[in-house]
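Listing of work.txt; format and content: compact mmCIF, C-alpha atoms and all ligand atoms.
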# COMPACT_ATOMS: atom_id res chain seq x y z
CA MET A 16 -15.53 4.81 4.03
CA ILE A 17 -15.35 2.10 1.38
CA GLU A 18 -17.21 -1.17 1.91
CA ALA A 19 -16.85 -4.17 -0.39
CA ARG A 20 -19.25 -7.07 0.08
CA GLN A 21 -18.68 -10.30 -1.84
CA LEU A 22 -17.31 -8.10 -4.60
CA THR A 23 -16.65 -10.19 -7.70
CA LYS A 24 -15.57 -9.39 -11.26
CA ARG A 25 -15.14 -11.91 -14.03
CA TYR A 26 -13.77 -11.23 -17.49
CA GLY A 27 -14.68 -14.34 -19.49
CA GLU A 28 -12.67 -17.17 -17.95
CA THR A 29 -10.65 -14.85 -15.68
CA THR A 30 -11.92 -14.08 -12.20
CA ALA A 31 -10.13 -10.77 -11.54
CA VAL A 32 -11.85 -10.14 -8.20
CA ASP A 33 -13.23 -13.05 -6.21
CA GLY A 34 -15.69 -12.42 -3.34
CA LEU A 35 -13.76 -9.56 -1.72
CA GLU A 36 -14.99 -8.40 1.69
CA PHE A 37 -13.33 -5.41 3.29
CA THR A 38 -13.97 -2.03 4.90
CA VAL A 39 -11.67 0.95 4.48
CA ARG A 40 -12.24 3.34 7.39
CA PRO A 41 -11.80 7.08 7.70
CA GLY A 42 -8.94 8.68 9.61
CA SER A 43 -6.18 6.38 8.48
CA VAL A 44 -4.17 5.43 5.41
CA THR A 45 -5.06 1.95 4.15
CA GLY A 46 -2.58 0.33 1.80
CA PHE A 47 -3.91 -1.94 -0.96
CA LEU A 48 -1.30 -4.52 -1.81
CA GLY A 49 -0.99 -7.58 -3.99
CA PRO A 50 1.21 -9.08 -6.68
CA ASN A 51 0.73 -8.05 -10.34
CA GLY A 52 -2.64 -9.18 -11.63
CA ALA A 53 -4.09 -9.60 -8.13
CA GLY A 54 -7.14 -7.48 -8.96
CA LYS A 55 -6.27 -4.16 -7.32
CA SER A 56 -6.96 -1.91 -10.32
CA THR A 57 -10.15 -3.81 -11.14
CA THR A 58 -11.36 -3.31 -7.56
CA MET A 59 -10.54 0.40 -7.71
CA ARG A 60 -12.33 0.77 -11.04
CA MET A 61 -15.44 -0.82 -9.53
CA ILE A 62 -15.26 1.53 -6.53
CA ILE A 63 -15.65 4.54 -8.81
CA GLY A 64 -18.11 2.91 -11.18
CA LEU A 65 -15.78 2.52 -14.18
CA ASP A 66 -16.52 -1.20 -14.14
CA ALA A 67 -19.63 -2.99 -12.88
CA PRO A 68 -19.27 -5.94 -10.49
CA THR A 69 -20.34 -9.32 -11.86
CA SER A 70 -21.82 -9.90 -8.39
CA GLY A 71 -21.56 -8.40 -4.94
CA SER A 72 -21.25 -4.69 -4.28
CA VAL A 73 -18.99 -1.88 -3.26
CA THR A 74 -20.09 1.41 -1.71
CA VAL A 75 -18.37 4.71 -0.98
CA ASN A 76 -19.60 6.71 2.01
CA GLY A 77 -22.63 4.40 2.20
CA LYS A 78 -23.79 4.49 -1.44
CA ARG A 79 -22.77 2.99 -4.74
CA TYR A 80 -20.72 5.50 -6.73
CA ARG A 81 -23.40 6.14 -9.33
CA GLU A 82 -26.03 6.78 -6.63
CA HIS A 83 -24.15 9.86 -5.43
CA THR A 84 -25.49 13.14 -6.82
CA ALA A 85 -22.05 14.82 -6.51
CA PRO A 86 -19.60 11.92 -6.79
CA LEU A 87 -16.43 14.06 -7.08
CA GLN A 88 -17.24 15.54 -3.68
CA GLU A 89 -17.48 12.01 -2.24
CA VAL A 90 -14.48 10.25 -3.72
CA GLY A 91 -11.45 11.58 -5.55
CA ALA A 92 -9.47 9.01 -7.47
CA LEU A 93 -6.18 8.78 -9.28
CA LEU A 94 -6.16 5.68 -11.43
CA GLU A 95 -3.63 4.91 -14.17
CA ALA A 96 -2.53 7.97 -16.15
CA LYS A 97 -5.69 9.83 -17.02
CA SER A 98 -6.33 10.95 -20.55
CA ILE A 99 -5.71 14.67 -20.43
CA HIS A 100 -5.99 16.78 -23.57
CA PRO A 101 -2.29 17.39 -24.39
CA GLY A 102 -2.93 20.89 -25.71
CA ARG A 103 -4.83 22.02 -22.63
CA SER A 104 -3.09 23.67 -19.68
CA ALA A 105 -3.20 22.06 -16.24
CA TYR A 106 -5.26 25.02 -15.04
CA ASN A 107 -7.82 24.74 -17.83
CA HIS A 108 -8.04 20.98 -17.40
CA LEU A 109 -8.90 21.40 -13.72
CA LEU A 110 -11.18 24.36 -14.40
CA ALA A 111 -13.17 22.37 -16.98
CA GLN A 112 -13.66 19.56 -14.46
CA ALA A 113 -14.62 21.99 -11.72
CA GLN A 114 -17.16 23.76 -13.92
CA THR A 115 -18.87 20.54 -15.01
CA HIS A 116 -19.18 19.42 -11.37
CA GLY A 117 -20.33 22.64 -9.72
CA ILE A 118 -17.02 23.20 -7.95
CA PRO A 119 -15.99 26.86 -7.39
CA ARG A 120 -13.04 28.30 -9.36
CA ARG A 121 -11.08 29.13 -6.19
CA ARG A 122 -10.82 25.40 -5.44
CA VAL A 123 -8.80 25.04 -8.68
CA ASP A 124 -6.23 27.51 -7.30
CA GLU A 125 -6.22 25.67 -3.97
CA VAL A 126 -5.45 22.25 -5.46
CA ILE A 127 -2.81 23.72 -7.77
CA GLU A 128 -1.07 25.15 -4.73
CA LEU A 129 -1.58 21.98 -2.70
CA THR A 130 0.11 19.90 -5.41
CA GLY A 131 2.91 22.39 -6.07
CA LEU A 132 1.91 23.00 -9.70
CA GLN A 133 1.79 26.85 -9.53
CA SER A 134 4.79 27.40 -11.80
CA VAL A 135 3.51 25.05 -14.53
CA ALA A 136 -0.25 25.54 -14.23
CA LYS A 137 -0.42 27.46 -17.53
CA LYS A 138 1.81 25.00 -19.37
CA ARG A 139 0.27 22.53 -21.79
CA ALA A 140 -0.29 19.14 -20.14
CA GLY A 141 1.31 17.46 -23.17
CA GLN A 142 4.68 18.86 -22.04
CA PHE A 143 4.35 17.49 -18.53
CA SER A 144 6.84 15.00 -17.11
CA LEU A 145 5.51 11.81 -15.54
CA GLY A 146 5.87 13.32 -12.08
CA MET A 147 4.04 16.50 -13.02
CA GLY A 148 1.30 14.39 -14.61
CA GLN A 149 0.95 12.47 -11.34
CA ARG A 150 0.64 15.74 -9.41
CA LEU A 151 -2.01 16.94 -11.86
CA GLY A 152 -3.91 13.67 -11.42
CA ILE A 153 -3.79 14.12 -7.66
CA ALA A 154 -4.93 17.74 -8.00
CA ALA A 155 -7.93 16.49 -9.99
CA ALA A 156 -8.64 13.82 -7.35
CA LEU A 157 -8.71 16.46 -4.60
CA LEU A 158 -10.75 18.99 -6.59
CA GLY A 159 -14.08 18.07 -5.00
CA ASP A 160 -12.59 18.14 -1.47
CA PRO A 161 -13.74 14.51 -1.11
CA ALA A 162 -14.11 12.59 2.14
CA THR A 163 -12.60 9.54 0.43
CA VAL A 164 -9.40 9.62 -1.59
CA MET A 165 -8.24 6.66 -3.63
CA LEU A 166 -4.89 6.58 -5.42
CA ASP A 167 -3.51 3.78 -7.59
CA GLU A 168 0.31 3.72 -7.43
CA PRO A 169 0.64 7.45 -6.70
CA VAL A 170 4.42 7.44 -6.29
CA ASN A 171 4.99 6.05 -9.79
CA GLY A 172 7.44 8.27 -11.62
CA LEU A 173 8.00 10.65 -8.73
CA ASP A 174 11.47 11.81 -7.69
CA PRO A 175 12.53 11.48 -4.01
CA GLU A 176 11.14 14.92 -3.19
CA GLY A 177 7.84 13.91 -4.83
CA VAL A 178 7.75 10.63 -2.91
CA LEU A 179 8.22 12.53 0.35
CA TRP A 180 5.52 14.99 -0.68
CA ILE A 181 3.01 12.16 -1.37
CA ARG A 182 3.90 10.56 1.94
CA ASN A 183 3.10 13.74 3.87
CA LEU A 184 0.02 14.42 1.76
CA LEU A 185 -1.49 10.98 2.47
CA ILE A 186 -0.76 11.20 6.19
CA GLY A 187 -2.21 14.74 6.25
CA LEU A 188 -5.40 13.71 4.41
CA ALA A 189 -5.95 10.87 6.88
CA ALA A 190 -5.27 13.20 9.83
CA GLU A 191 -8.09 15.43 8.51
CA GLY A 192 -10.40 12.44 8.99
CA ARG A 193 -10.59 11.36 5.36
CA THR A 194 -10.61 7.79 4.12
CA VAL A 195 -7.35 7.23 2.23
CA PHE A 196 -7.00 4.08 0.11
CA VAL A 197 -3.76 3.71 -1.79
CA SER A 198 -2.20 0.92 -3.82
CA SER A 199 1.53 0.50 -4.18
CA HIS A 200 4.18 -2.09 -4.88
CA LEU A 201 6.69 -0.13 -2.82
CA MET A 202 6.65 -1.91 0.53
CA SER A 203 9.10 0.50 2.10
CA GLU A 204 6.69 3.35 1.33
CA MET A 205 3.71 1.43 2.63
CA ALA A 206 5.55 0.66 5.86
CA LEU A 207 6.00 4.42 6.33
CA VAL A 208 2.50 5.66 5.49
CA ALA A 209 -0.07 2.92 5.97
CA ASP A 210 -1.79 2.11 9.24
CA ARG A 211 -3.90 -0.68 7.78
CA LEU A 212 -3.23 -3.07 4.91
CA ILE A 213 -5.60 -4.94 2.64
CA ILE A 214 -3.70 -7.61 0.76
CA VAL A 215 -5.10 -9.51 -2.20
CA GLY A 216 -3.82 -12.36 -4.34
CA ARG A 217 -5.56 -13.81 -7.40
CA GLY A 218 -8.58 -11.65 -6.63
CA ARG A 219 -9.05 -13.00 -3.11
CA LEU A 220 -8.52 -11.35 0.26
CA LEU A 221 -5.32 -12.63 1.87
CA ALA A 222 -5.15 -10.24 4.82
CA ASP A 223 -6.92 -7.26 6.34
CA THR A 224 -4.51 -6.26 9.03
CA SER A 225 -2.18 -3.66 10.50
CA VAL A 226 1.47 -3.35 9.45
CA GLU A 227 2.60 -4.50 12.93
CA ASP A 228 0.33 -7.56 12.97
CA LEU A 229 1.44 -8.64 9.50
CA VAL A 230 5.09 -8.42 10.46
CA ARG A 231 4.40 -10.25 13.73
CA GLN A 232 2.52 -13.06 11.97
CA ALA A 233 5.39 -13.46 9.52
CA GLY A 234 7.63 -14.70 12.28
CA GLY A 235 7.80 -11.60 14.43
CA ASP A 236 11.07 -10.33 15.65
CA ALA A 237 14.24 -12.31 16.05
CA VAL A 238 17.02 -11.32 18.42
CA ARG A 239 20.70 -11.57 17.56
CA VAL A 240 22.86 -12.42 20.55
CA ALA A 241 26.63 -12.69 20.84
CA THR A 242 27.87 -14.37 23.97
CA ALA A 243 30.97 -15.80 25.64
CA ASP A 244 29.09 -19.05 26.27
CA PRO A 245 26.78 -19.97 23.38
CA ALA A 246 26.21 -23.53 24.60
CA GLY A 247 25.38 -22.36 28.13
CA LEU A 248 22.99 -19.69 26.80
CA ARG A 249 21.24 -22.23 24.55
CA ASP A 250 20.59 -24.42 27.60
CA ALA A 251 19.44 -21.48 29.70
CA LEU A 252 16.99 -20.26 27.03
CA ALA A 253 15.57 -23.68 26.08
CA ALA A 254 11.77 -23.62 26.41
CA PRO A 255 8.73 -24.53 24.33
CA GLY A 256 8.24 -22.02 21.50
CA VAL A 257 11.81 -20.75 21.68
CA GLU A 258 14.14 -21.40 18.77
CA VAL A 259 17.87 -20.78 18.93
CA VAL A 260 20.04 -21.11 15.83
CA GLY A 261 23.74 -20.54 15.38
CA GLN A 262 26.75 -22.12 13.74
CA ALA A 263 28.91 -24.48 15.77
CA GLY A 264 31.88 -22.61 17.21
CA SER A 265 30.34 -19.19 16.57
CA GLU A 266 29.61 -16.86 19.45
CA GLU A 267 26.57 -15.49 17.57
CA LEU A 268 23.07 -16.92 18.02
CA GLU A 269 19.69 -15.93 16.59
CA VAL A 270 16.76 -16.37 18.95
CA THR A 271 13.05 -16.31 18.11
CA GLY A 272 10.23 -16.59 20.61
CA LEU A 273 11.81 -14.39 23.30
CA SER A 274 12.28 -10.64 23.63
CA ALA A 275 15.73 -9.06 23.94
CA ARG A 276 14.79 -8.10 27.50
CA ALA A 277 13.92 -11.72 28.46
CA ILE A 278 17.14 -13.03 26.91
CA GLY A 279 19.22 -10.41 28.73
CA THR A 280 17.57 -11.22 32.06
CA THR A 281 18.04 -15.00 31.66
CA ALA A 282 21.69 -14.52 30.66
CA ALA A 283 22.30 -12.35 33.76
CA GLU A 284 20.62 -14.93 36.02
CA HIS A 285 23.00 -17.58 34.69
CA GLY A 286 26.06 -15.34 34.87
CA ILE A 287 26.57 -15.49 31.09
CA ALA A 288 28.28 -12.47 29.51
CA LEU A 289 26.64 -10.97 26.39
CA TYR A 290 28.51 -8.94 23.77
CA GLU A 291 25.49 -8.09 21.61
CA LEU A 292 21.70 -8.12 22.01
CA THR A 293 19.92 -6.77 18.90
CA THR A 294 16.28 -7.08 17.86
CA ILE A 295 15.99 -7.77 14.12
CA GLN A 296 12.63 -6.79 12.66
CA VAL A 297 11.13 -8.76 9.81
CA SER A 298 10.58 -6.22 7.02
CA LEU A 299 7.14 -5.58 5.58
CA GLU A 300 8.54 -6.73 2.25
CA ALA A 301 9.56 -10.11 3.69
CA ALA A 302 6.18 -10.48 5.40
CA PHE A 303 4.37 -9.63 2.15
CA MET A 304 6.44 -12.11 0.10
CA ASP A 305 5.74 -14.78 2.68
CA LEU A 306 1.99 -14.15 2.57
CA THR A 307 1.62 -13.91 -1.21
CA ARG A 308 4.12 -16.59 -2.27
CA ASP A 309 1.41 -18.96 -3.51
CA ASP A 310 -0.57 -16.22 -5.24
CA VAL A 311 2.02 -14.68 -7.52
CA VAL A 312 0.70 -14.94 -11.08
CA TYR A 313 3.71 -13.63 -12.94
CA HIS A 314 6.99 -15.16 -11.80
CA GLY A 315 10.16 -13.43 -12.96
CA THR A 316 13.28 -15.39 -13.72
CA THR A 317 16.45 -15.11 -11.68
CA GLU A 318 18.40 -17.17 -14.21
CA LEU A 319 20.63 -14.28 -15.31
CA ALA A 320 21.41 -13.31 -11.73
CA GLU A 321 22.15 -16.95 -10.90
CA ARG A 322 24.42 -17.32 -13.93
CA ALA A 323 26.27 -14.13 -12.99
CA ALA A 324 26.78 -15.49 -9.48
N1 LIG A 401 -10.60 -5.35 -19.10
C1 LIG A 401 -10.11 -6.56 -18.83
N2 LIG A 401 -10.38 -7.61 -19.64
C2 LIG A 401 -9.89 -8.84 -19.36
N3 LIG A 401 -9.13 -9.14 -18.29
C3 LIG A 401 -8.83 -8.14 -17.46
C4 LIG A 401 -9.29 -6.79 -17.67
N4 LIG A 401 -8.84 -6.03 -16.66
C5 LIG A 401 -8.11 -6.84 -15.86
N5 LIG A 401 -8.10 -8.10 -16.32
C6 LIG A 401 -7.45 -9.26 -15.69
O1 LIG A 401 -7.86 -9.29 -14.36
C7 LIG A 401 -6.78 -9.66 -13.49
C8 LIG A 401 -6.56 -8.59 -12.46
O2 LIG A 401 -5.99 -7.43 -13.09
P1 LIG A 401 -5.75 -6.06 -12.33
O3 LIG A 401 -5.21 -5.10 -13.34
O4 LIG A 401 -6.97 -5.67 -11.59
O5 LIG A 401 -4.60 -6.45 -11.29
P2 LIG A 401 -3.64 -5.52 -10.43
O6 LIG A 401 -3.59 -6.12 -9.07
O7 LIG A 401 -4.07 -4.10 -10.54
O8 LIG A 401 -2.24 -5.72 -11.16
P3 LIG A 401 -0.96 -4.74 -11.29
O9 LIG A 401 -0.31 -4.76 -9.95
O10 LIG A 401 -0.14 -5.42 -12.31
O11 LIG A 401 -1.46 -3.39 -11.70
C9 LIG A 401 -5.59 -9.92 -14.42
O12 LIG A 401 -5.53 -11.30 -14.69
C10 LIG A 401 -5.94 -9.14 -15.67
O13 LIG A 401 -5.34 -9.70 -16.79

How would this structure read if it were set down as structure tokens?
Ligand SMILES: Nc1ncnc2c1ncn2[C@@H]1O[C@H](COP(=O)(O)OP(=O)(O)OP(=O)(O)O)[C@@H](O)[C@H]1O
Amino acid sequence: MIEARQLTKRYGETTAVDGLEFTVRPGSVTGFLGPNGAGKSTTMRMIIGLDAPTSGSVTVNGKRYREHTAPLQEVGALLEAKSIHPGRSAYNHLLAQAQTHGIPRRRVDEVIELTGLQSVAKKRAGQFSLGMGQRLGIAAALLGDPATVMLDEPVNGLDPEGVLWIRNLLIGLAAEGRTVFVSSHLMSEMALVADRLIIVGRGRLLADTSVEDLVRQAGGDAVRVATADPAGLRDALAAPGVEVVGQAGSEELEVTGLSARAIGTTAAEHGIALYELTTIQVSLEAAFMDLTRDDVVYHGTTELAERAA
């Protein structure tokens, strides 16, 4: 469990984290989302005591990180590429960490197997690809068999097989009852693994919600209908809270505010033939863009794309 209370971090003039309040609970994967510069890494650094809050607090499993006598057994973290001695093998790197934290040697073998590093465990870490480095970082995070696991952009640099592996790993860790807190910019991945989402923008909490609720709030589902009688169907569906859009002369309409089932039933009651009735889900990506539009710090330019078009 991770609990942030009025968590704030200022660097000079910049307020990186601004009064954050959230709870990350065990047994599910919680995604940590926000545009670049939103304060995600700063928050994660404060969770594991690499940075001190300017005010407020954050605890892991009920205590501040530095109050834990065996912190690696409480929270395992993968933050941006760790500094690993390039001449040291993956095995020796993990063994050194285990030995300084009172973790038995057999746990090193377990995490090497868990992260699929068996064949390269004796290789020098300096020769590791980005993906192998990520796996080694995750192996180190899991070394203490922690109840809370926190990963910053874990799919960075991973190939499709690696992405799938991370997905199953995160879901599996949560199913074991652990608290899993993971940041990512890949909305499609988050939609697949996260149950809960904490979304920040400019250091402030924008949403603490489930994937379904976020998508619903962003306009929910629309239904695409094709019909022999668009004008008749418009009249039949007209009601407060229902919006029907479609081009004049087209047999296709897009309806919001009614389910496909309700539209089908109303059409049948009015004897109107339908050719298509499809629910179109708002993507998590669209919902996220909608929510964070005013909090994007770094705007890219689409000038080149526009010129090309
Ligand atoms: N050590 C530091 N000194 C000064 N400013 C910092 C420091 N660390 C972060 N910041 C600033 O704090 C803000 C939040 O940065 P942070 O890296 O936490 O965001 P983020 O959400 O992790 O971004 P990204 O998605 O790009 O990784 C930014 O404006 C950043 O420039």

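Candidate residues A:Arg25, A:His100, A:Arg20, A:His108 were compared for distance to A:Thr74, and the nearest is A:Arg20, using only C-alpha atoms.
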
Name the residues, by chain letter and number, that sit within 9 Å of ligand LIG 401 (chain A) using only C-alpha atoms and all ligand atoms, and give them as a short mmCIF file (atom, residue, chain, number, x, y, z; two decimals) with C-alpha atoms, in the coordinates of the input.
data_model
loop_
_atom_site.label_atom_id
_atom_site.label_comp_id
_atom_site.auth_asym_id
_atom_site.auth_seq_id
_atom_site.Cartn_x
_atom_site.Cartn_y
_atom_site.Cartn_z
CA LYS A 24 -15.57 -9.39 -11.26
CA ARG A 25 -15.14 -11.91 -14.03
CA TYR A 26 -13.77 -11.23 -17.49
CA GLY A 27 -14.68 -14.34 -19.49
CA GLU A 28 -12.67 -17.17 -17.95
CA THR A 29 -10.65 -14.85 -15.68
CA THR A 30 -11.92 -14.08 -12.20
CA ALA A 31 -10.13 -10.77 -11.54
CA VAL A 32 -11.85 -10.14 -8.20
CA LEU A 48 -1.30 -4.52 -1.81
CA GLY A 49 -0.99 -7.58 -3.99
CA PRO A 50 1.21 -9.08 -6.68
CA ASN A 51 0.73 -8.05 -10.34
CA GLY A 52 -2.64 -9.18 -11.63
CA ALA A 53 -4.09 -9.60 -8.13
CA GLY A 54 -7.14 -7.48 -8.96
CA LYS A 55 -6.27 -4.16 -7.32
CA SER A 56 -6.96 -1.91 -10.32
CA THR A 57 -10.15 -3.81 -11.14
CA THR A 58 -11.36 -3.31 -7.56
CA MET A 59 -10.54 0.40 -7.71
CA ARG A 60 -12.33 0.77 -11.04
CA ASP A 66 -16.52 -1.20 -14.14
CA GLU A 95 -3.63 4.91 -14.17
CA ASP A 167 -3.51 3.78 -7.59
CA GLU A 168 0.31 3.72 -7.43
CA SER A 198 -2.20 0.92 -3.82
CA SER A 199 1.53 0.50 -4.18
CA HIS A 200 4.18 -2.09 -4.88
CA VAL A 215 -5.10 -9.51 -2.20
CA GLY A 216 -3.82 -12.36 -4.34
CA ARG A 217 -5.56 -13.81 -7.40
CA GLY A 218 -8.58 -11.65 -6.63
CA VAL A 312 0.70 -14.94 -11.08
#

Legend entry - Counting only C-alpha atoms, the residue of A:Gly247, A:Val297, A:Pro101, A:Arg139 that sits nearest A:Thr281: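 Among A:Gly247, A:Val297, A:Pro101, A:Arg139, it is A:Gly247 that comes nearest to A:Thr281.
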
Legend entry - Separation of atom CA of A:Ile181 from atom CA of A:Arg211, in Å and rounded to one decimal: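 Taking atom CA of A:Ile181 as the start and atom CA of A:Arg211 as the end point, the length is 17.2 Å.
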
Legend entry - Best match for closeness to A:Val123 among A:Ala263, A:Gly141, A:Ala154, A:Ile99, counting only C-alpha atoms: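 Looking only at the distances to A:Val123, the closest residue turns out to be A:Ala154.
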
Sort by chain and increasing residue number a table of all residues of stretch 48-161 of chain A within 10 Å of stretch 38-43 of chain A, each with its closest pair of atoms and their distance in Å to one decimal, counting only C-alpha atoms, and write it as CSV.
residue,atom,partner,partner_atom,distance
A:Val73,CA,A:Thr38,CA,9.6
A:Thr74,CA,A:Thr38,CA,9.6
A:Val75,CA,A:Val39,CA,9.4
A:Asn76,CA,A:Pro41,CA,9.7

Legend entry - Residue contacts of A:Gln133 (10 Å, only C-alpha atoms) excluding same-chain residues fewer than 6 positions away, as a ChimeraX atom specification: /A:105-106,124-127

Legend entry - Computed interatomic separation between atom CA of A:Ala140 and atom CA of A:Leu166 (Å):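 Distance between the two atoms: 19.9 Å.
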
Inset, instruction - Write out as a VMD selection string each polymer residue whose atoms come within 12 Å of A:Leu109, counting only C-alpha atoms; drop sequence neighbours fewer than 5 positions from it. - result: chain A and resid 99 to 100 103 to 104 114 to 116 118 to 127 132 136 to 137 140 150 to 159

Export of prior selection with C-alpha atoms as a compact mmCIF listing (two decimals), in the coordinates of the input:
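Dumped to part_19.txt:
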# COMPACT_ATOMS: atom_id res chain seq x y z
CA ILE A 99 -5.71 14.67 -20.43
CA HIS A 100 -5.99 16.78 -23.57
CA ARG A 103 -4.83 22.02 -22.63
CA SER A 104 -3.09 23.67 -19.68
CA GLN A 114 -17.16 23.76 -13.92
CA THR A 115 -18.87 20.54 -15.01
CA HIS A 116 -19.18 19.42 -11.37
CA ILE A 118 -17.02 23.20 -7.95
CA PRO A 119 -15.99 26.86 -7.39
CA ARG A 120 -13.04 28.30 -9.36
CA ARG A 121 -11.08 29.13 -6.19
CA ARG A 122 -10.82 25.40 -5.44
CA VAL A 123 -8.80 25.04 -8.68
CA ASP A 124 -6.23 27.51 -7.30
CA GLU A 125 -6.22 25.67 -3.97
CA VAL A 126 -5.45 22.25 -5.46
CA ILE A 127 -2.81 23.72 -7.77
CA LEU A 132 1.91 23.00 -9.70
CA ALA A 136 -0.25 25.54 -14.23
CA LYS A 137 -0.42 27.46 -17.53
CA ALA A 140 -0.29 19.14 -20.14
CA ARG A 150 0.64 15.74 -9.41
CA LEU A 151 -2.01 16.94 -11.86
CA GLY A 152 -3.91 13.67 -11.42
CA ILE A 153 -3.79 14.12 -7.66
CA ALA A 154 -4.93 17.74 -8.00
CA ALA A 155 -7.93 16.49 -9.99
CA ALA A 156 -8.64 13.82 -7.35
CA LEU A 157 -8.71 16.46 -4.60
CA LEU A 158 -10.75 18.99 -6.59
CA GLY A 159 -14.08 18.07 -5.00

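Closest to A:Val178 among A:Leu129, A:Met205, A:Val311, A:Ala251 is A:Met205, based on all atoms listed in the file.
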
Residues at most 12 Å from A:Gln296, counting only C-alpha atoms, excluding those fewer than 5 positions away in the same chain, as a PDB file with C-alpha atoms, in the frame of the given file?
ATOM      1  CA  GLU A 227       2.600  -4.500  12.930  1.00  0.00           C
ATOM      2  CA  LEU A 229       1.440  -8.640   9.500  1.00  0.00           C
ATOM      3  CA  VAL A 230       5.090  -8.420  10.460  1.00  0.00           C
ATOM      4  CA  ARG A 231       4.400 -10.250  13.730  1.00  0.00           C
ATOM      5  CA  GLN A 232       2.520 -13.060  11.970  1.00  0.00           C
ATOM      6  CA  ALA A 233       5.390 -13.460   9.520  1.00  0.00           C
ATOM      7  CA  GLY A 234       7.630 -14.700  12.280  1.00  0.00           C
ATOM      8  CA  GLY A 235       7.800 -11.600  14.430  1.00  0.00           C
ATOM      9  CA  ASP A 236      11.070 -10.330  15.650  1.00  0.00           C
ATOM     10  CA  ALA A 237      14.240 -12.310  16.050  1.00  0.00           C
ATOM     11  CA  VAL A 238      17.020 -11.320  18.420  1.00  0.00           C
ATOM     12  CA  ARG A 239      20.700 -11.570  17.560  1.00  0.00           C
ATOM     13  CA  THR A 271      13.050 -16.310  18.110  1.00  0.00           C
ATOM     14  CA  SER A 274      12.280 -10.640  23.630  1.00  0.00           C
ATOM     15  CA  ALA A 275      15.730  -9.060  23.940  1.00  0.00           C
ATOM     16  CA  ALA A 301       9.560 -10.110   3.690  1.00  0.00           C
ATOM     17  CA  ALA A 302       6.180 -10.480   5.400  1.00  0.00           C
TER      18      ALA A 302
END

Inset, instruction - Go through A:Leu292, A:Gly91, A:Leu207, A:Pro169 and flag the residue nearest A:Thr280, using all atoms listed in the file for the distances. - result: A:Leu292

Inset, instruction - Quick one: residues within 12 Å of (23.8, -19.2, 36.9) (file frame), counting only C-alpha atoms, please, as an NGL selection string. - result: :A and (244 or 247-248 or 250-251 or 280-288)
